[in-house]
Each structure stands twice: as C-alpha cells, then as structure tokens.
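Trainee: Take a look at this one; I'll ask things after.
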Amino acid sequence: MSETHGPAYNLAYRQYEKRLLADILQSEVPHHVAIIMDGNRRFAESLGLNPTDGHIYGREKLEELLNWCLELKIKILTVYAFSTENLKRHADEVQLLMKMFEENFRKLADDPRVKEHGIRVKVIGQLNLLEPRVQEAIAYAMEKTKDNSNYLLNLAVAYGGREEIMNAVRKIAQETKDGKLRPEEITQEILTQHLYTNGIPDPDLVLRTSGEERISNFLLWQIAYSELYFADVYWPGMRKIDFLRAIRGYQQRHRRMGS
C-alpha cells in the first residue's frame with residue numbers, strides 16, 4: 001500500500017473530517033435534505049461485480065446516511081429510492097429490488113434507532129404499482145412509526161415528479177367539477193396540498209451522486225428554490241466527508257444570500 005493510503009493518510013483524513021464536522025455544527029444545518037441516490041450499478045461494475053450487487057451496497061450506504069443525518073440533527077431526509085422508470089428494467093433486477101424493499105421496510109420499522117430517535121417513516125409514490133408484499137411492508141413501517149415526531153424519513157418509491165403533479169391536477173379538477181372548488185380559488189398552496197408531500201416543508205438542499213447533473217423527475221414542484229449539489233462519486237462510494245462537504249456548501253451559499 002502506498003504512503004498516501006497508509007495510516008498517516010487515514011489519520012489525516014479522520015482529523016479533517018472531525019474539523020469539518022465541528023465547523024458545520026457551528027452554523028445552521030439544512031432542515032430538509034433530499035438525495036438522488038445514483039450510481040449503484042456503475043459502482044458495482046467498477047469493482048468487477050454483478051451490477052445488481054450495487055443495490056446491496058447502496059442499501060448499506062443508506063444505513064450510514066441515516067446515522068450522519070441524526071448526528072447533524074437534520075430533521076427531514078427524503079431519498080429517491082426507486083423511480084417509475086426503474087420498473088422498466090430487467091425483470092430479475094426489479095424482482096431483486098422488490099425483495100429488498102420488502103425486507104428493508106420491515107427492518108426499518110423495527111430498527112432500534114427509529115424508536116430511540118422518534119423517526120417517522122413515510123413512503124411516497126405510485127405505491128399501487130408495487131407488488132402486494134411490498135405494499136404490505138410499507139404499510140407496516142408507516143403504521144408502526146406514525147406517532148413518531150422528532151425526525152421524518154421520507155422514501156420516494158415508484159415515484160415520478162411529473163406523475164405526482166398530474167395526480168394533483170386530476171384531484172383538483174375533480175373537486176372543481178364537483179363544485180367543491182372554484183377555478184379562481186386554485187393557488188400554489190392548493191396544488192401543494194394535493195401533492196404526495198403535503199405537510200412536508202420543501203427541501204433546503206438536494207444532493208445527487210454519480211456526477212450526473214440532472215434532477216431526473218424528482219420533486220419537480222418542491223425543489224423550485226432548493227440548493228443543488230452534485231457529488232462526483234457513486235452513491236455506494238459516498239463517504240461521510242463527501243456528505244459533510246455538501247452540507248458545508250449549502251451553508252456557504254446560505255450565508256452569501258444573507259439568510
């Protein structure tokens with residue numbers, strides 16, 4: 001092993017991470033962070049593994065991320081776990097993901113951290129497109145954590161931003177047709193109330209991994225004024241220091257705006 005990746009390097013890395021964390025905690029952290037977890041398959045391929053193995057590594061990274069957010073006291077975390085477009089992937093990969101979702105939602109509901117820290121689990125998206133066993137696991141997680149109020153873990157599954165807006169428009173149109181709402185009463189607030197995220201503050205920071213600089217149909221209405229941060233690292237390979245840099249970047253922009 002080269003010196004740059006030996007004990008001295010690791011010690012310096014840990015010290016820098018510690019200083020960065022201390023600096024971040026001196027300022028206001030974002031209340032709501034949303035993450036596009038991109039790069040699972042490319043991460044696995046870069047290691048010569050089966051592309052689907054990347055989803056397993058990605059799940060483990062989400063476990064770490066939850067700890068990082070608790071440490072920083074970030075109150076709301078929204079993650080883009082599975083888009084409606086992902087349903088078109090190879091059947092074997094979709095089946096693997098469905099199995100993981102079923103296991104993970106039940107595991108999450110029973111996670112000691114959820115009870116200890118008062119984390120409520122919410123899942124948004126076209127859940128009817130998921131297999132019944134996954135829908136049951138989601139219902140279990142949401143029901144078991146419904147009374148928790150300290151933190152919110154919001155997972156977007158079978159989610160698409162355009163579909164979310166269209167769904168809201170259909171509901172508003174039906175209410176107008178039924179005479180419950182007049183056209184002149186339709187405001188931004190009314191539309192917001194009909195989104196999956198009704199009652200949840202808009203994200204302060206949106207972080208996307210993998211180096212891609214796209215939103216990819218994620219929270220299109222909600223992120224109109226969010227800070228965007230693109231990290232040039234695959235999701236499973238994201239380090240705590242990468243996450244801290246994103247938070248620091250948000251704080252620096254926030255201060256420049258005079259907030």
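In the structure tokens, chains take letters A, B, ... by order of appearance, with residues numbered from 1 within each chain and ligands from 1 in the order shown.
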With only C-alpha atoms as the counted atoms, please give the residues lying no more than 7 Å from Leu195 of chain A, apart from itself and same-chain residues fewer than 5 positions off, as a list in words.

Mentor: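 In the requested format, the answer is Glu164, Ile165 and Ala168 of chain A.
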
Trainee: Run DSSP on the backbone and give me the residues of segment 46-240 of chain A it puts in strand (DSSP E or B), as a ChimeraX atom specification.

Mentor: /A:76-83,119-124,151-159,205-208,227-230

Trainee: Just N, CA and C atoms for this one: save the residues we selected as a PDB file, in the first residue's frame.

Mentor:
ATOM      1  N   ILE A  76     -35.456  16.242   8.414  1.00  0.00           N
ATOM      2  CA  ILE A  76     -36.182  15.543   7.345  1.00  0.00           C
ATOM      3  C   ILE A  76     -35.190  15.068   6.288  1.00  0.00           C
ATOM      4  N   LEU A  77     -35.271  13.804   5.956  1.00  0.00           N
ATOM      5  CA  LEU A  77     -34.444  13.220   4.895  1.00  0.00           C
ATOM      6  C   LEU A  77     -35.367  12.554   3.887  1.00  0.00           C
ATOM      7  N   THR A  78     -35.279  12.993   2.639  1.00  0.00           N
ATOM      8  CA  THR A  78     -36.046  12.370   1.554  1.00  0.00           C
ATOM      9  C   THR A  78     -35.072  11.728   0.582  1.00  0.00           C
ATOM     10  N   VAL A  79     -35.274  10.466   0.269  1.00  0.00           N
ATOM     11  CA  VAL A  79     -34.374   9.775  -0.651  1.00  0.00           C
ATOM     12  C   VAL A  79     -35.164   9.208  -1.827  1.00  0.00           C
ATOM     13  N   TYR A  80     -34.565   9.333  -2.998  1.00  0.00           N
ATOM     14  CA  TYR A  80     -35.166   8.821  -4.232  1.00  0.00           C
ATOM     15  C   TYR A  80     -34.696   7.379  -4.377  1.00  0.00           C
ATOM     16  N   ALA A  81     -35.536   6.458  -3.934  1.00  0.00           N
ATOM     17  CA  ALA A  81     -35.142   5.060  -3.870  1.00  0.00           C
ATOM     18  C   ALA A  81     -35.453   4.274  -5.140  1.00  0.00           C
ATOM     19  N   PHE A  82     -36.550   4.639  -5.827  1.00  0.00           N
ATOM     20  CA  PHE A  82     -36.974   3.834  -6.967  1.00  0.00           C
ATOM     21  C   PHE A  82     -37.958   4.653  -7.794  1.00  0.00           C
ATOM     22  N   SER A  83     -37.611   4.928  -9.048  1.00  0.00           N
ATOM     23  CA  SER A  83     -38.480   5.738  -9.900  1.00  0.00           C
ATOM     24  C   SER A  83     -39.455   4.849 -10.676  1.00  0.00           C
ATOM     25  N   ILE A 119     -38.255   8.512  14.821  1.00  0.00           N
ATOM     26  CA  ILE A 119     -38.256   8.702  13.374  1.00  0.00           C
ATOM     27  C   ILE A 119     -39.557   8.170  12.769  1.00  0.00           C
ATOM     28  N   ARG A 120     -40.257   9.036  12.065  1.00  0.00           N
ATOM     29  CA  ARG A 120     -41.450   8.586  11.338  1.00  0.00           C
ATOM     30  C   ARG A 120     -41.066   8.227   9.917  1.00  0.00           C
ATOM     31  N   VAL A 121     -41.579   7.126   9.434  1.00  0.00           N
ATOM     32  CA  VAL A 121     -41.307   6.663   8.076  1.00  0.00           C
ATOM     33  C   VAL A 121     -42.513   6.971   7.192  1.00  0.00           C
ATOM     34  N   LYS A 122     -42.247   7.631   6.086  1.00  0.00           N
ATOM     35  CA  LYS A 122     -43.299   7.923   5.110  1.00  0.00           C
ATOM     36  C   LYS A 122     -42.803   7.488   3.738  1.00  0.00           C
ATOM     37  N   VAL A 123     -43.686   6.926   2.944  1.00  0.00           N
ATOM     38  CA  VAL A 123     -43.322   6.477   1.601  1.00  0.00           C
ATOM     39  C   VAL A 123     -44.252   7.163   0.605  1.00  0.00           C
ATOM     40  N   ILE A 124     -43.664   7.766  -0.424  1.00  0.00           N
ATOM     41  CA  ILE A 124     -44.457   8.482  -1.424  1.00  0.00           C
ATOM     42  C   ILE A 124     -44.222   7.871  -2.805  1.00  0.00           C
ATOM     43  N   TYR A 151     -38.124  13.128  13.864  1.00  0.00           N
ATOM     44  CA  TYR A 151     -37.487  13.111  12.545  1.00  0.00           C
ATOM     45  C   TYR A 151     -38.444  12.466  11.545  1.00  0.00           C
ATOM     46  N   LEU A 152     -38.214  12.772  10.264  1.00  0.00           N
ATOM     47  CA  LEU A 152     -39.003  12.150   9.195  1.00  0.00           C
ATOM     48  C   LEU A 152     -38.067  11.568   8.151  1.00  0.00           C
ATOM     49  N   LEU A 153     -38.233  10.290   7.875  1.00  0.00           N
ATOM     50  CA  LEU A 153     -37.521   9.630   6.782  1.00  0.00           C
ATOM     51  C   LEU A 153     -38.545   9.394   5.686  1.00  0.00           C
ATOM     52  N   ASN A 154     -38.381  10.109   4.600  1.00  0.00           N
ATOM     53  CA  ASN A 154     -39.346  10.127   3.507  1.00  0.00           C
ATOM     54  C   ASN A 154     -38.731   9.400   2.311  1.00  0.00           C
ATOM     55  N   LEU A 155     -39.316   8.290   1.894  1.00  0.00           N
ATOM     56  CA  LEU A 155     -38.742   7.485   0.822  1.00  0.00           C
ATOM     57  C   LEU A 155     -39.633   7.535  -0.412  1.00  0.00           C
ATOM     58  N   ALA A 156     -39.043   7.930  -1.541  1.00  0.00           N
ATOM     59  CA  ALA A 156     -39.768   8.001  -2.799  1.00  0.00           C
ATOM     60  C   ALA A 156     -39.582   6.679  -3.543  1.00  0.00           C
ATOM     61  N   VAL A 157     -40.668   5.925  -3.677  1.00  0.00           N
ATOM     62  CA  VAL A 157     -40.625   4.598  -4.292  1.00  0.00           C
ATOM     63  C   VAL A 157     -41.713   4.525  -5.361  1.00  0.00           C
ATOM     64  N   ALA A 158     -41.348   4.022  -6.558  1.00  0.00           N
ATOM     65  CA  ALA A 158     -42.268   4.053  -7.699  1.00  0.00           C
ATOM     66  C   ALA A 158     -42.764   5.492  -7.862  1.00  0.00           C
ATOM     67  N   TYR A 159     -41.798   6.396  -7.807  1.00  0.00           N
ATOM     68  CA  TYR A 159     -42.097   7.826  -7.789  1.00  0.00           C
ATOM     69  C   TYR A 159     -41.685   8.490  -9.096  1.00  0.00           C
ATOM     70  N   LEU A 205     -31.897  21.461   0.590  1.00  0.00           N
ATOM     71  CA  LEU A 205     -30.736  21.004  -0.181  1.00  0.00           C
ATOM     72  C   LEU A 205     -31.078  19.717  -0.913  1.00  0.00           C
ATOM     73  N   VAL A 206     -30.730  19.666  -2.196  1.00  0.00           N
ATOM     74  CA  VAL A 206     -30.862  18.443  -2.987  1.00  0.00           C
ATOM     75  C   VAL A 206     -29.460  17.998  -3.383  1.00  0.00           C
ATOM     76  N   LEU A 207     -29.123  16.787  -3.015  1.00  0.00           N
ATOM     77  CA  LEU A 207     -27.809  16.221  -3.318  1.00  0.00           C
ATOM     78  C   LEU A 207     -27.981  15.055  -4.275  1.00  0.00           C
ATOM     79  N   ARG A 208     -27.211  15.094  -5.371  1.00  0.00           N
ATOM     80  CA  ARG A 208     -27.208  13.953  -6.289  1.00  0.00           C
ATOM     81  C   ARG A 208     -25.796  13.416  -6.416  1.00  0.00           C
ATOM     82  N   GLU A 227     -31.295  24.498  -2.844  1.00  0.00           N
ATOM     83  CA  GLU A 227     -29.899  24.493  -3.277  1.00  0.00           C
ATOM     84  C   GLU A 227     -29.601  23.119  -3.876  1.00  0.00           C
ATOM     85  N   LEU A 228     -28.847  23.101  -4.977  1.00  0.00           N
ATOM     86  CA  LEU A 228     -28.494  21.847  -5.637  1.00  0.00           C
ATOM     87  C   LEU A 228     -27.005  21.581  -5.467  1.00  0.00           C
ATOM     88  N   TYR A 229     -26.668  20.325  -5.182  1.00  0.00           N
ATOM     89  CA  TYR A 229     -25.262  19.947  -5.002  1.00  0.00           C
ATOM     90  C   TYR A 229     -25.051  18.614  -5.708  1.00  0.00           C
ATOM     91  N   PHE A 230     -24.064  18.565  -6.609  1.00  0.00           N
ATOM     92  CA  PHE A 230     -23.783  17.348  -7.371  1.00  0.00           C
ATOM     93  C   PHE A 230     -22.410  16.808  -6.963  1.00  0.00           C
TER      94      PHE A 230
END

Trainee: Pick out the residues sitting within 10 Å of Phe243 of chain A, and hand them over as a PyMOL selection string; count only C-alpha atoms, and ignore anything fewer than 2 positions along from it in its own chain.

Mentor: chain A and resi 65+68-69+207+209+231+238-241+245-249

Trainee: Export, as a short mmCIF file (atom, residue, chain, number, x, y, z; two decimals), in the first residue's frame, the selected residues with N, CA and C atoms.

Mentor:
data_model
loop_
_atom_site.label_atom_id
_atom_site.label_comp_id
_atom_site.auth_asym_id
_atom_site.auth_seq_id
_atom_site.Cartn_x
_atom_site.Cartn_y
_atom_site.Cartn_z
N LEU A 65 -26.01 6.83 5.99
CA LEU A 65 -26.53 8.19 5.81
C LEU A 65 -27.49 8.56 6.93
N TRP A 68 -25.54 9.70 9.81
CA TRP A 68 -24.94 11.03 9.59
C TRP A 68 -25.98 12.13 9.82
N CYS A 69 -27.20 11.89 9.33
CA CYS A 69 -28.25 12.90 9.48
C CYS A 69 -28.66 13.05 10.94
N LEU A 207 -29.12 16.79 -3.01
CA LEU A 207 -27.81 16.22 -3.32
C LEU A 207 -27.98 15.05 -4.28
N THR A 209 -25.67 12.10 -6.35
CA THR A 209 -24.38 11.45 -6.52
C THR A 209 -24.20 10.99 -7.96
N ALA A 231 -22.41 15.59 -6.46
CA ALA A 231 -21.17 14.97 -5.98
C ALA A 231 -20.66 13.97 -7.02
N MET A 238 -20.05 6.95 -1.58
CA MET A 238 -20.04 8.26 -0.92
C MET A 238 -19.56 8.13 0.52
N ARG A 239 -18.59 8.97 0.87
CA ARG A 239 -18.04 8.96 2.22
C ARG A 239 -18.73 10.02 3.07
N LYS A 240 -18.55 9.89 4.35
CA LYS A 240 -19.13 10.90 5.24
C LYS A 240 -18.59 12.28 4.90
N ILE A 241 -17.32 12.35 4.53
CA ILE A 241 -16.72 13.64 4.22
C ILE A 241 -17.35 14.25 2.97
N ARG A 245 -19.20 17.86 3.02
CA ARG A 245 -18.88 18.93 2.08
C ARG A 245 -20.14 19.49 1.42
N ALA A 246 -21.11 18.61 1.16
CA ALA A 246 -22.37 19.08 0.59
C ALA A 246 -23.09 19.99 1.57
N ILE A 247 -23.08 19.62 2.84
CA ILE A 247 -23.72 20.44 3.86
C ILE A 247 -22.99 21.77 4.00
N ARG A 248 -21.67 21.72 4.00
CA ARG A 248 -20.89 22.96 4.09
C ARG A 248 -21.16 23.86 2.89
N GLY A 249 -21.26 23.26 1.70
CA GLY A 249 -21.57 24.03 0.50
C GLY A 249 -22.91 24.74 0.63
#

Trainee: Residues within 8 Å of Phe43 of chain A, please, as a VMD selection string. Count only C-alpha atoms; anything in the same chain fewer than 5 positions from it doesn't count.

Mentor: chain A and resid 51 54 234 to 237

Trainee: Can you work out the spacing between atom CA of Arg214 of chain A and atom CA of Lys73 of chain A in Å, to one decimal?

Mentor: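 These atoms are spaced 27.2 Å apart.
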
Trainee: For a quick check of understanding, using only C-alpha atoms, which of A:Tyr13, A:Leu129, A:Leu220, A:Glu116 has the smallest distance to Lys88 of chain A?

Mentor: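 So, comparing all the options, the nearest one is A:Leu129.
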
Trainee: Quick check for you: according to DSSP on this backbone, which residues of segment 118-213 of chain A are classed as helix (DSSP H, G or I)? Reply as a VMD selection string.

Mentor: chain A and resid 127 to 129 132 to 144 161 to 177 183 to 185 188 to 193

Trainee: Let me see the file: selected residues, C-alpha atoms, as a PDB file, in the first residue's frame.

Mentor:
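Contents of again-v2.pdb, freshly written:
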ATOM      1  CA  LEU A 127     -47.446   2.508  -4.457  1.00  0.00           C
ATOM      2  CA  ASN A 128     -50.170   0.608  -6.321  1.00  0.00           C
ATOM      3  CA  LEU A 129     -47.534  -0.249  -8.947  1.00  0.00           C
ATOM      4  CA  PRO A 132     -48.617  -6.555  -2.756  1.00  0.00           C
ATOM      5  CA  ARG A 133     -45.924  -7.900  -0.401  1.00  0.00           C
ATOM      6  CA  VAL A 134     -44.014  -4.631  -0.751  1.00  0.00           C
ATOM      7  CA  GLN A 135     -47.163  -2.573  -0.180  1.00  0.00           C
ATOM      8  CA  GLU A 136     -47.812  -4.576   2.990  1.00  0.00           C
ATOM      9  CA  ALA A 137     -44.264  -3.957   4.251  1.00  0.00           C
ATOM     10  CA  ILE A 138     -44.645  -0.231   3.540  1.00  0.00           C
ATOM     11  CA  ALA A 139     -47.952  -0.126   5.400  1.00  0.00           C
ATOM     12  CA  TYR A 140     -46.302  -1.916   8.338  1.00  0.00           C
ATOM     13  CA  ALA A 141     -43.456   0.622   8.515  1.00  0.00           C
ATOM     14  CA  MET A 142     -45.728   3.645   8.228  1.00  0.00           C
ATOM     15  CA  GLU A 143     -48.246   2.362  10.757  1.00  0.00           C
ATOM     16  CA  LYS A 144     -45.625   1.371  13.324  1.00  0.00           C
ATOM     17  CA  GLY A 161     -42.357  14.085 -10.261  1.00  0.00           C
ATOM     18  CA  ARG A 162     -44.474  14.649 -13.351  1.00  0.00           C
ATOM     19  CA  GLU A 163     -46.874  11.903 -12.310  1.00  0.00           C
ATOM     20  CA  GLU A 164     -47.158  13.480  -8.872  1.00  0.00           C
ATOM     21  CA  ILE A 165     -48.131  16.844 -10.361  1.00  0.00           C
ATOM     22  CA  MET A 166     -50.549  15.252 -12.820  1.00  0.00           C
ATOM     23  CA  ASN A 167     -52.167  13.330  -9.980  1.00  0.00           C
ATOM     24  CA  ALA A 168     -52.603  16.578  -8.042  1.00  0.00           C
ATOM     25  CA  VAL A 169     -54.109  18.322 -11.078  1.00  0.00           C
ATOM     26  CA  ARG A 170     -56.601  15.479 -11.579  1.00  0.00           C
ATOM     27  CA  LYS A 171     -57.733  15.729  -7.954  1.00  0.00           C
ATOM     28  CA  ILE A 172     -58.142  19.495  -8.195  1.00  0.00           C
ATOM     29  CA  ALA A 173     -60.052  19.144 -11.491  1.00  0.00           C
ATOM     30  CA  GLN A 174     -62.414  16.625  -9.892  1.00  0.00           C
ATOM     31  CA  GLU A 175     -63.012  18.912  -6.908  1.00  0.00           C
ATOM     32  CA  THR A 176     -63.743  21.772  -9.304  1.00  0.00           C
ATOM     33  CA  LYS A 177     -66.131  19.587 -11.281  1.00  0.00           C
ATOM     34  CA  PRO A 183     -61.177  27.909 -10.572  1.00  0.00           C
ATOM     35  CA  GLU A 184     -60.222  31.300  -9.131  1.00  0.00           C
ATOM     36  CA  GLU A 185     -59.540  29.619  -5.773  1.00  0.00           C
ATOM     37  CA  GLN A 188     -49.959  27.318  -5.443  1.00  0.00           C
ATOM     38  CA  GLU A 189     -50.926  26.383  -1.891  1.00  0.00           C
ATOM     39  CA  ILE A 190     -53.915  24.384  -3.155  1.00  0.00           C
ATOM     40  CA  LEU A 191     -51.741  22.422  -5.562  1.00  0.00           C
ATOM     41  CA  THR A 192     -49.128  21.828  -2.853  1.00  0.00           C
ATOM     42  CA  GLN A 193     -51.822  20.382  -0.605  1.00  0.00           C
TER      43      GLN A 193
END

Trainee: Given the choices A:Thr52, A:Glu63, A:His254, A:Gly39, which gets closest to Arg89 of chain A if the distance is worked out from only C-alpha atoms?

Mentor: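 Selected residue with least distance to Arg89 of chain A: A:Thr52.
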
Trainee: Calculate how many Å separate atom CA of Glu28 of chain A from atom CA of Tyr250 of chain A, rounding to one decimal.

Mentor: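 Distance between the two atoms: 9.8 Å.
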
Trainee: Quick check, in Å to one decimal: how far apart do atom CA of Ser27 of chain A and atom CA of Thr197 of chain A lie?

Mentor: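 So the two atoms, atom CA of Ser27 of chain A and atom CA of Thr197 of chain A, lie 27.1 Å apart.
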